[in-house]
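run.txt (compact mmCIF, C-alpha atoms and all ligand atoms) appears below.
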# COMPACT_ATOMS: atom_id res chain seq x y z
CA MET C 1 4.42 -16.11 -9.65
CA ALA C 2 4.10 -12.72 -7.97
CA LYS C 3 6.05 -9.82 -9.45
CA VAL C 4 7.91 -7.61 -6.98
CA HIS C 5 8.34 -4.01 -8.18
CA VAL C 6 10.76 -1.73 -6.34
CA PHE C 7 10.23 1.91 -7.36
CA ASP C 8 13.49 3.72 -7.95
CA HIS C 9 11.92 7.04 -8.99
CA PRO C 10 14.12 9.88 -7.66
CA LEU C 11 11.21 11.75 -6.07
CA ILE C 12 10.10 8.65 -4.20
CA GLN C 13 13.64 7.94 -3.00
CA HIS C 14 14.20 11.56 -1.93
CA LYS C 15 10.99 11.73 0.08
CA LEU C 16 11.61 8.32 1.61
CA THR C 17 14.94 9.52 2.99
CA HIS C 18 13.12 12.26 4.91
CA ILE C 19 10.46 9.79 6.05
CA ARG C 20 13.20 7.58 7.53
CA ASP C 21 14.88 10.49 9.33
CA ILE C 22 14.38 10.35 13.11
CA ASN C 23 14.27 14.17 13.13
CA THR C 24 11.20 14.30 10.89
CA GLY C 25 8.19 15.18 13.05
CA THR C 26 4.64 13.86 12.83
CA LYS C 27 3.24 16.59 10.57
CA GLU C 28 5.98 16.33 7.97
CA PHE C 29 6.05 12.52 8.22
CA ARG C 30 2.32 12.38 7.44
CA GLU C 31 2.67 14.79 4.51
CA LEU C 32 5.58 12.87 3.02
CA VAL C 33 3.82 9.49 3.32
CA ASP C 34 0.83 11.05 1.57
CA GLU C 35 3.03 12.37 -1.27
CA VAL C 36 4.87 9.07 -1.74
CA ALA C 37 1.55 7.21 -1.82
CA THR C 38 0.42 9.48 -4.68
CA LEU C 39 3.63 8.88 -6.63
CA MET C 40 3.34 5.12 -6.08
CA ALA C 41 -0.31 5.17 -7.11
CA TYR C 42 0.71 6.76 -10.42
CA GLU C 43 2.99 3.79 -11.12
CA ILE C 44 0.66 1.11 -9.78
CA THR C 45 -2.25 2.23 -11.98
CA ARG C 46 -0.22 1.91 -15.18
CA ASP C 47 -2.16 -1.16 -16.34
CA LEU C 48 -5.70 0.16 -15.73
CA PRO C 49 -7.84 -0.66 -18.78
CA LEU C 50 -8.95 2.12 -21.13
CA LYS C 51 -11.80 2.40 -23.60
CA GLU C 52 -12.19 4.51 -26.74
CA VAL C 53 -14.60 7.45 -26.69
CA GLU C 54 -15.33 10.36 -29.01
CA VAL C 55 -14.74 13.87 -27.71
CA GLU C 56 -15.54 17.22 -29.34
CA THR C 57 -12.48 19.43 -29.24
CA PRO C 58 -12.75 23.10 -30.34
CA VAL C 59 -11.31 21.91 -33.67
CA GLN C 60 -13.06 18.62 -34.51
CA THR C 61 -14.27 15.27 -33.17
CA ALA C 62 -11.42 13.18 -31.79
CA ASN C 63 -11.15 9.52 -30.86
CA SER C 64 -9.66 9.46 -27.42
CA LYS C 65 -9.47 7.26 -24.32
CA VAL C 66 -10.92 7.23 -20.83
CA LEU C 67 -10.61 4.74 -17.98
CA ALA C 68 -12.84 1.75 -18.62
CA GLY C 69 -14.49 2.24 -15.24
CA LYS C 70 -12.91 -0.67 -13.42
CA LYS C 71 -14.04 -0.90 -9.83
CA ILE C 72 -11.11 -0.16 -7.53
CA GLY C 73 -10.99 -0.79 -3.81
CA ILE C 74 -8.26 0.63 -1.59
CA VAL C 75 -7.76 -1.33 1.62
CA PRO C 76 -5.51 0.21 4.26
CA ILE C 77 -4.33 -2.09 7.03
CA LEU C 78 -5.10 -0.20 10.25
CA ARG C 79 -3.62 1.80 11.66
CA ALA C 80 -0.59 2.78 9.64
CA GLY C 81 -2.12 2.04 6.21
CA ILE C 82 -4.54 4.94 6.73
CA GLY C 83 -1.64 7.31 6.10
CA MET C 84 -1.45 6.18 2.47
CA VAL C 85 -5.14 6.38 1.53
CA ASP C 86 -5.60 10.07 0.72
CA GLY C 87 -2.48 10.08 -1.44
CA ILE C 88 -3.99 7.34 -3.62
CA LEU C 89 -7.43 8.96 -3.65
CA ASN C 90 -5.81 12.11 -5.10
CA LEU C 91 -5.38 10.12 -8.31
CA ILE C 92 -8.35 7.74 -8.18
CA PRO C 93 -11.00 9.68 -6.27
CA ALA C 94 -13.82 7.31 -7.26
CA ALA C 95 -12.18 4.35 -5.54
CA LYS C 96 -14.03 2.79 -2.62
CA VAL C 97 -12.14 2.33 0.65
CA GLY C 98 -12.34 -0.78 2.83
CA HIS C 99 -10.53 -1.23 6.15
CA ILE C 100 -8.84 -4.22 7.74
CA GLY C 101 -7.69 -3.77 11.33
CA LEU C 102 -4.69 -5.89 12.29
CA PHE C 103 -2.07 -5.37 14.92
CA ARG C 104 1.11 -7.32 15.44
CA ASP C 105 1.62 -8.80 18.91
CA PRO C 106 4.96 -7.31 20.05
CA GLU C 107 6.03 -10.58 21.73
CA THR C 108 4.96 -13.27 19.26
CA LEU C 109 4.96 -10.97 16.16
CA GLN C 110 1.73 -12.72 15.14
CA PRO C 111 -1.03 -10.59 13.54
CA HIS C 112 -4.43 -10.22 15.21
CA GLU C 113 -7.47 -9.11 13.24
CA TYR C 114 -9.88 -6.75 15.03
CA PHE C 115 -11.88 -5.06 12.27
CA VAL C 116 -13.03 -5.71 8.70
CA LYS C 117 -15.31 -3.50 6.62
CA LEU C 118 -15.14 -3.79 2.84
CA PRO C 119 -16.97 -2.27 -0.13
CA SER C 120 -19.59 -4.28 -2.02
CA ASP C 121 -19.02 -6.28 -5.23
CA ILE C 122 -15.85 -7.78 -3.79
CA SER C 123 -15.40 -10.35 -6.55
CA GLU C 124 -15.59 -7.69 -9.31
CA ARG C 125 -13.16 -5.24 -7.74
CA GLU C 126 -9.42 -4.72 -8.10
CA PHE C 127 -8.06 -4.21 -4.58
CA ILE C 128 -4.94 -2.31 -3.60
CA VAL C 129 -3.96 -3.29 -0.05
CA VAL C 130 -1.73 -0.67 1.57
CA ASP C 131 0.50 -0.65 4.64
CA PRO C 132 3.76 1.29 5.00
CA MET C 133 5.67 -1.72 6.40
CA LEU C 134 6.14 -5.34 5.27
CA ALA C 135 8.31 -6.77 8.05
CA THR C 136 7.85 -10.49 8.88
CA GLY C 137 5.02 -10.47 6.33
CA GLY C 138 2.49 -11.94 8.77
CA THR C 139 0.17 -8.93 8.76
CA ALA C 140 0.06 -8.53 4.97
CA VAL C 141 -0.48 -12.28 4.45
CA GLU C 142 -3.39 -12.22 6.93
CA ALA C 143 -4.95 -9.10 5.34
CA VAL C 144 -4.92 -10.72 1.90
CA ASN C 145 -6.26 -14.00 3.38
CA SER C 146 -9.10 -11.99 4.83
CA LEU C 147 -9.90 -10.38 1.47
CA LYS C 148 -9.68 -13.66 -0.45
CA LYS C 149 -11.91 -15.42 2.11
CA ARG C 150 -14.59 -12.81 1.27
CA GLY C 151 -14.30 -13.34 -2.49
CA ALA C 152 -11.54 -11.01 -3.74
CA THR C 153 -9.54 -12.41 -6.65
CA ASN C 154 -7.71 -9.37 -8.03
CA ILE C 155 -5.32 -7.90 -5.45
CA LYS C 156 -2.14 -5.80 -5.37
CA PHE C 157 -0.09 -5.05 -2.27
CA MET C 158 1.70 -1.71 -1.85
CA CYS C 159 4.07 -0.66 0.93
CA LEU C 160 6.82 1.89 1.56
CA ILE C 161 9.51 -0.34 3.05
CA ALA C 162 9.88 -4.13 2.98
CA ALA C 163 12.32 -6.59 4.51
CA PRO C 164 13.51 -9.44 2.29
CA GLU C 165 12.13 -11.93 4.85
CA GLY C 166 8.64 -10.42 4.55
CA VAL C 167 8.72 -10.33 0.76
CA LYS C 168 9.52 -14.07 0.69
CA VAL C 169 6.81 -14.98 3.21
CA PHE C 170 4.25 -12.87 1.34
CA THR C 171 5.02 -14.01 -2.20
CA ASP C 172 5.14 -17.68 -1.08
CA ALA C 173 1.71 -17.30 0.54
CA HIS C 174 0.16 -15.21 -2.26
CA PRO C 175 1.95 -15.90 -5.57
CA ASP C 176 -0.98 -14.27 -7.43
CA VAL C 177 -0.54 -10.86 -5.71
CA ASP C 178 1.99 -8.41 -7.16
CA VAL C 179 3.96 -6.38 -4.62
CA PHE C 180 4.91 -2.69 -5.04
CA ILE C 181 7.64 -1.34 -2.76
CA ALA C 182 9.39 2.04 -2.45
CA ALA C 183 12.48 0.48 -0.81
CA LEU C 184 13.70 -3.04 -0.09
CA ASP C 185 15.77 -2.84 3.10
CA GLU C 186 18.47 -5.09 4.57
CA LYS C 187 16.84 -7.30 7.18
CA LEU C 188 14.76 -7.60 10.35
CA ASN C 189 16.21 -7.04 13.82
CA ASP C 190 15.53 -9.30 16.84
CA HIS C 191 12.30 -7.41 17.58
CA GLY C 192 10.96 -7.88 14.05
CA TYR C 193 11.66 -4.26 13.07
CA ILE C 194 12.95 -3.45 9.61
CA VAL C 195 16.61 -2.38 9.46
CA PRO C 196 17.32 0.41 8.72
CA GLY C 197 13.58 1.05 8.21
CA LEU C 198 11.80 4.05 9.73
CA GLY C 199 10.78 2.78 13.18
CA ASP C 200 7.11 2.20 14.03
CA ALA C 201 5.09 3.60 11.15
CA GLY C 202 1.82 3.85 13.11
CA ASP C 203 3.42 5.68 16.01
CA ARG C 204 5.25 8.10 13.74
CA LEU C 205 2.10 8.84 11.71
CA PHE C 206 -0.17 9.39 14.67
CA GLY C 207 2.28 10.72 17.22
CA THR C 208 1.66 7.92 19.70
CA LYS C 209 4.23 6.49 22.14
O1 LIG C 301 5.03 -7.68 8.57
P1 LIG C 301 4.70 -7.70 10.02
O2 LIG C 301 5.81 -8.31 10.84
O3 LIG C 301 3.39 -8.35 10.33
O4 LIG C 301 4.67 -6.21 10.54
C1 LIG C 301 4.10 -5.16 9.81
C2 LIG C 301 2.93 -4.56 10.52
O5 LIG C 301 3.36 -3.93 11.73
C3 LIG C 301 2.88 -2.58 11.75
O6 LIG C 301 1.62 -2.49 12.32
P2 LIG C 301 1.38 -2.51 13.90
O7 LIG C 301 1.16 -3.91 14.38
O8 LIG C 301 2.47 -1.74 14.58
O9 LIG C 301 0.00 -1.79 14.04
P3 LIG C 301 -0.34 -0.23 13.89
O10 LIG C 301 -0.41 0.06 12.42
O11 LIG C 301 -1.64 -0.10 14.59
O12 LIG C 301 0.75 0.55 14.57
C4 LIG C 301 2.85 -2.22 10.28
O13 LIG C 301 2.07 -1.09 10.00
C5 LIG C 301 2.32 -3.49 9.66
O14 LIG C 301 0.92 -3.57 9.69
O1 LIG C 302 9.92 -1.84 11.21
C1 LIG C 302 8.71 -2.03 11.45
C2 LIG C 302 8.16 -3.32 11.55
C3 LIG C 302 6.84 -3.45 11.80
N1 LIG C 302 6.07 -2.35 11.96
C4 LIG C 302 6.58 -1.10 11.87
O2 LIG C 302 5.85 -0.12 12.01
N2 LIG C 302 7.90 -0.97 11.63
MG MG C 303 2.58 0.14 14.87
I need this file expressed as structure tokens, please.
Amino acid sequence: MAKVHVFDHPLIQHKLTHIRDINTGTKEFRELVDEVATLMAYEITRDLPLKEVEVETPVQTANSKVLAGKKIGIVPILRAGIGMVDGILNLIPAAKVGHIGLFRDPETLQPHEYFVKLPSDISEREFIVVDPMLATGGTAVEAVNSLKKRGATNIKFMCLIAAPEGVKVFTDAHPDVDVFIAALDEKLNDHGYIVPGLGDAGDRLFGTK
């Protein structure tokens, strides 16, 4: 069964409050999303495998550890997921980045895929799928379907804000994918927006609408 992790780190919660604020403009919104993505990446990479190496210190030879070189793929869901990529790359700069383009039809709330480009060696990679919002869950479910259809078996999903409805839909559809969330909000409104949420993440990141 999927594990759902809600990060209660004070720095993440503080920054998220400013991200939610209607008075936060595009520049600051983008910077804050970037910073929260870095903080979340620190937590999400906790279980990366290590291997022993020898290193010469100025004093003597030491047995120490480095990352075992696992292949990581970051997959933002376009558009809004793009805002979280650089923040993660700050910590894992060698990660490859794939893209899945999906938009949610405003009437039906159904996701529509319009772009997929992924790194090679899909079956050997650990993927972190990122999108600021998990609302009805349809988009995230479809993104992970798309990855699995192409051979991915090791996937995590990371978002800023989730609605309980979306978490249920996602974990029912993908019980093998752990979910990492900065805040679990109250509910969805009649238009499928998260309440209280932050509004439209893509529009706030890119200054559209
Ligand atoms: O859980 P769901 O109900 O499917 O909704 C969540 C999706 O909606 C938003 O994308 P949007 O369709 O607005 O596209 P955008 O990123 O291009 O703005 C958001 O970034 C998620 O991808
Ligand atoms: O609250 C929501 C729901 C879907 N997409 C968003 O950007 N915000
Ligand atoms: Mg949008």
### 6 Å contact set for Val97 (chain C), only C-alpha atoms, chain neighbours under 4 positions out, as number ranges by chain
C: 73-75
Could you list, as a short mmCIF file (atom, residue, chain, number, x, y, z; two decimals) with C-alpha atoms, keeping the file's coordinate frame, all protein and nucleic acid residues with an atom at most 10 Å from ligand LIG 301 (chain C), counting all atoms listed in the file?
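Below you can see result11.cif, which holds the result:
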data_model
loop_
_atom_site.label_atom_id
_atom_site.label_comp_id
_atom_site.auth_asym_id
_atom_site.auth_seq_id
_atom_site.Cartn_x
_atom_site.Cartn_y
_atom_site.Cartn_z
CA PRO C 76 -5.51 0.21 4.26
CA ILE C 77 -4.33 -2.09 7.03
CA LEU C 78 -5.10 -0.20 10.25
CA ARG C 79 -3.62 1.80 11.66
CA ALA C 80 -0.59 2.78 9.64
CA GLY C 81 -2.12 2.04 6.21
CA ILE C 82 -4.54 4.94 6.73
CA GLY C 83 -1.64 7.31 6.10
CA ILE C 100 -8.84 -4.22 7.74
CA GLY C 101 -7.69 -3.77 11.33
CA LEU C 102 -4.69 -5.89 12.29
CA PHE C 103 -2.07 -5.37 14.92
CA ARG C 104 1.11 -7.32 15.44
CA ASP C 105 1.62 -8.80 18.91
CA PRO C 106 4.96 -7.31 20.05
CA THR C 108 4.96 -13.27 19.26
CA LEU C 109 4.96 -10.97 16.16
CA GLN C 110 1.73 -12.72 15.14
CA PRO C 111 -1.03 -10.59 13.54
CA HIS C 112 -4.43 -10.22 15.21
CA VAL C 130 -1.73 -0.67 1.57
CA ASP C 131 0.50 -0.65 4.64
CA PRO C 132 3.76 1.29 5.00
CA MET C 133 5.67 -1.72 6.40
CA LEU C 134 6.14 -5.34 5.27
CA ALA C 135 8.31 -6.77 8.05
CA THR C 136 7.85 -10.49 8.88
CA GLY C 137 5.02 -10.47 6.33
CA GLY C 138 2.49 -11.94 8.77
CA THR C 139 0.17 -8.93 8.76
CA ALA C 140 0.06 -8.53 4.97
CA VAL C 141 -0.48 -12.28 4.45
CA GLU C 142 -3.39 -12.22 6.93
CA ALA C 143 -4.95 -9.10 5.34
CA CYS C 159 4.07 -0.66 0.93
CA ILE C 161 9.51 -0.34 3.05
CA ALA C 162 9.88 -4.13 2.98
CA ALA C 163 12.32 -6.59 4.51
CA GLU C 165 12.13 -11.93 4.85
CA GLY C 166 8.64 -10.42 4.55
CA VAL C 167 8.72 -10.33 0.76
CA VAL C 169 6.81 -14.98 3.21
CA PHE C 170 4.25 -12.87 1.34
CA LEU C 188 14.76 -7.60 10.35
CA HIS C 191 12.30 -7.41 17.58
CA GLY C 192 10.96 -7.88 14.05
CA TYR C 193 11.66 -4.26 13.07
CA ILE C 194 12.95 -3.45 9.61
CA GLY C 199 10.78 2.78 13.18
CA ASP C 200 7.11 2.20 14.03
CA ALA C 201 5.09 3.60 11.15
CA GLY C 202 1.82 3.85 13.11
CA ASP C 203 3.42 5.68 16.01
CA ARG C 204 5.25 8.10 13.74
CA LEU C 205 2.10 8.84 11.71
CA PHE C 206 -0.17 9.39 14.67
CA THR C 208 1.66 7.92 19.70
#
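Closest approach to ligand LIG 302 (chain C) among C:Ala95, C:Val55, C:Ala68, C:Arg20 is made by C:Arg20 (distances from all atoms listed in the file).
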### Task
Just the residues within 10 Å of Glu35 (chain C), please, counting all atoms listed in the file, with nothing from its chain fewer than 6 positions along; format it as a PyMOL selection string.
chain C and resi 11-12+15-16+29+41+84+86-88+90
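One finds CA of Ile181 (chain C) at 6.1 Å from CA of His5 (chain C).
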Return region 15-26 of chain C, completed with all heavy atoms, as a PDB file, in the frame of the given file.
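Final output, saved to out.pdb:
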ATOM      1  N   LYS C  15      11.966  11.561  -0.999  1.00  0.00           N
ATOM      2  CA  LYS C  15      10.990  11.730   0.080  1.00  0.00           C
ATOM      3  C   LYS C  15      11.135  10.634   1.128  1.00  0.00           C
ATOM      4  O   LYS C  15      10.970  10.877   2.331  1.00  0.00           O
ATOM      5  CB  LYS C  15       9.567  11.747  -0.505  1.00  0.00           C
ATOM      6  CG  LYS C  15       9.279  13.015  -1.313  1.00  0.00           C
ATOM      7  CD  LYS C  15       7.945  12.944  -2.008  1.00  0.00           C
ATOM      8  CE  LYS C  15       7.772  14.051  -3.040  1.00  0.00           C
ATOM      9  NZ  LYS C  15       7.715  15.402  -2.458  1.00  0.00           N
ATOM     10  N   LEU C  16      11.457   9.433   0.670  1.00  0.00           N
ATOM     11  CA  LEU C  16      11.610   8.320   1.610  1.00  0.00           C
ATOM     12  C   LEU C  16      12.771   8.556   2.579  1.00  0.00           C
ATOM     13  O   LEU C  16      12.698   8.176   3.756  1.00  0.00           O
ATOM     14  CB  LEU C  16      11.830   7.023   0.816  1.00  0.00           C
ATOM     15  CG  LEU C  16      11.681   5.727   1.594  1.00  0.00           C
ATOM     16  CD1 LEU C  16      10.306   5.621   2.258  1.00  0.00           C
ATOM     17  CD2 LEU C  16      11.917   4.536   0.679  1.00  0.00           C
ATOM     18  N   THR C  17      13.814   9.197   2.106  1.00  0.00           N
ATOM     19  CA  THR C  17      14.940   9.520   2.990  1.00  0.00           C
ATOM     20  C   THR C  17      14.476  10.392   4.143  1.00  0.00           C
ATOM     21  O   THR C  17      14.838  10.171   5.299  1.00  0.00           O
ATOM     22  CB  THR C  17      16.052  10.240   2.192  1.00  0.00           C
ATOM     23  OG1 THR C  17      16.471   9.361   1.158  1.00  0.00           O
ATOM     24  CG2 THR C  17      17.235  10.625   3.072  1.00  0.00           C
ATOM     25  N   HIS C  18      13.628  11.381   3.839  1.00  0.00           N
ATOM     26  CA  HIS C  18      13.120  12.260   4.910  1.00  0.00           C
ATOM     27  C   HIS C  18      12.124  11.533   5.805  1.00  0.00           C
ATOM     28  O   HIS C  18      12.046  11.814   6.999  1.00  0.00           O
ATOM     29  CB  HIS C  18      12.507  13.520   4.293  1.00  0.00           C
ATOM     30  CG  HIS C  18      13.553  14.380   3.642  1.00  0.00           C
ATOM     31  ND1 HIS C  18      14.501  15.053   4.380  1.00  0.00           N
ATOM     32  CD2 HIS C  18      13.833  14.626   2.347  1.00  0.00           C
ATOM     33  CE1 HIS C  18      15.318  15.698   3.560  1.00  0.00           C
ATOM     34  NE2 HIS C  18      14.936  15.453   2.317  1.00  0.00           N
ATOM     35  N   ILE C  19      11.389  10.597   5.232  1.00  0.00           N
ATOM     36  CA  ILE C  19      10.460   9.790   6.050  1.00  0.00           C
ATOM     37  C   ILE C  19      11.255   8.957   7.059  1.00  0.00           C
ATOM     38  O   ILE C  19      10.881   8.811   8.217  1.00  0.00           O
ATOM     39  CB  ILE C  19       9.599   8.881   5.132  1.00  0.00           C
ATOM     40  CG1 ILE C  19       8.562   9.713   4.375  1.00  0.00           C
ATOM     41  CG2 ILE C  19       8.927   7.780   5.937  1.00  0.00           C
ATOM     42  CD1 ILE C  19       7.776   8.943   3.322  1.00  0.00           C
ATOM     43  N   ARG C  20      12.378   8.413   6.629  1.00  0.00           N
ATOM     44  CA  ARG C  20      13.200   7.580   7.530  1.00  0.00           C
ATOM     45  C   ARG C  20      13.810   8.388   8.668  1.00  0.00           C
ATOM     46  O   ARG C  20      14.022   7.884   9.759  1.00  0.00           O
ATOM     47  CB  ARG C  20      14.369   6.980   6.731  1.00  0.00           C
ATOM     48  CG  ARG C  20      14.023   5.901   5.734  1.00  0.00           C
ATOM     49  CD  ARG C  20      15.321   5.426   5.112  1.00  0.00           C
ATOM     50  NE  ARG C  20      15.193   4.558   3.969  1.00  0.00           N
ATOM     51  CZ  ARG C  20      15.018   3.241   4.026  1.00  0.00           C
ATOM     52  NH1 ARG C  20      14.908   2.652   5.188  1.00  0.00           N
ATOM     53  NH2 ARG C  20      14.961   2.525   2.918  1.00  0.00           N
ATOM     54  N   ASP C  21      14.103   9.651   8.411  1.00  0.00           N
ATOM     55  CA  ASP C  21      14.880  10.490   9.330  1.00  0.00           C
ATOM     56  C   ASP C  21      14.195  10.619  10.687  1.00  0.00           C
ATOM     57  O   ASP C  21      13.041  11.063  10.777  1.00  0.00           O
ATOM     58  CB  ASP C  21      15.028  11.884   8.675  1.00  0.00           C
ATOM     59  CG  ASP C  21      16.009  12.776   9.418  1.00  0.00           C
ATOM     60  OD1 ASP C  21      16.261  12.540  10.623  1.00  0.00           O
ATOM     61  OD2 ASP C  21      16.496  13.728   8.786  1.00  0.00           O
ATOM     62  N   ILE C  22      14.919  10.277  11.740  1.00  0.00           N
ATOM     63  CA  ILE C  22      14.380  10.350  13.110  1.00  0.00           C
ATOM     64  C   ILE C  22      13.976  11.774  13.484  1.00  0.00           C
ATOM     65  O   ILE C  22      13.129  11.991  14.346  1.00  0.00           O
ATOM     66  CB  ILE C  22      15.425   9.783  14.116  1.00  0.00           C
ATOM     67  CG1 ILE C  22      14.808   9.560  15.495  1.00  0.00           C
ATOM     68  CG2 ILE C  22      16.647  10.686  14.195  1.00  0.00           C
ATOM     69  CD1 ILE C  22      15.724   8.850  16.467  1.00  0.00           C
ATOM     70  N   ASN C  23      14.575  12.773  12.818  1.00  0.00           N
ATOM     71  CA  ASN C  23      14.270  14.170  13.130  1.00  0.00           C
ATOM     72  C   ASN C  23      13.032  14.692  12.403  1.00  0.00           C
ATOM     73  O   ASN C  23      12.675  15.866  12.570  1.00  0.00           O
ATOM     74  CB  ASN C  23      15.474  15.055  12.794  1.00  0.00           C
ATOM     75  CG  ASN C  23      16.645  14.698  13.680  1.00  0.00           C
ATOM     76  OD1 ASN C  23      16.506  14.617  14.901  1.00  0.00           O
ATOM     77  ND2 ASN C  23      17.799  14.422  13.077  1.00  0.00           N
ATOM     78  N   THR C  24      12.424  13.874  11.575  1.00  0.00           N
ATOM     79  CA  THR C  24      11.200  14.300  10.890  1.00  0.00           C
ATOM     80  C   THR C  24      10.013  14.122  11.838  1.00  0.00           C
ATOM     81  O   THR C  24       9.750  13.009  12.305  1.00  0.00           O
ATOM     82  CB  THR C  24      10.998  13.467   9.596  1.00  0.00           C
ATOM     83  OG1 THR C  24      12.095  13.711   8.731  1.00  0.00           O
ATOM     84  CG2 THR C  24       9.696  13.830   8.902  1.00  0.00           C
ATOM     85  N   GLY C  25       9.314  15.217  12.108  1.00  0.00           N
ATOM     86  CA  GLY C  25       8.190  15.180  13.050  1.00  0.00           C
ATOM     87  C   GLY C  25       6.912  14.650  12.416  1.00  0.00           C
ATOM     88  O   GLY C  25       6.851  14.420  11.201  1.00  0.00           O
ATOM     89  N   THR C  26       5.896  14.499  13.268  1.00  0.00           N
ATOM     90  CA  THR C  26       4.640  13.860  12.830  1.00  0.00           C
ATOM     91  C   THR C  26       4.003  14.539  11.622  1.00  0.00           C
ATOM     92  O   THR C  26       3.585  13.878  10.674  1.00  0.00           O
ATOM     93  CB  THR C  26       3.630  13.860  13.997  1.00  0.00           C
ATOM     94  OG1 THR C  26       4.239  13.175  15.080  1.00  0.00           O
ATOM     95  CG2 THR C  26       2.342  13.159  13.628  1.00  0.00           C
TER      96      THR C  26
END
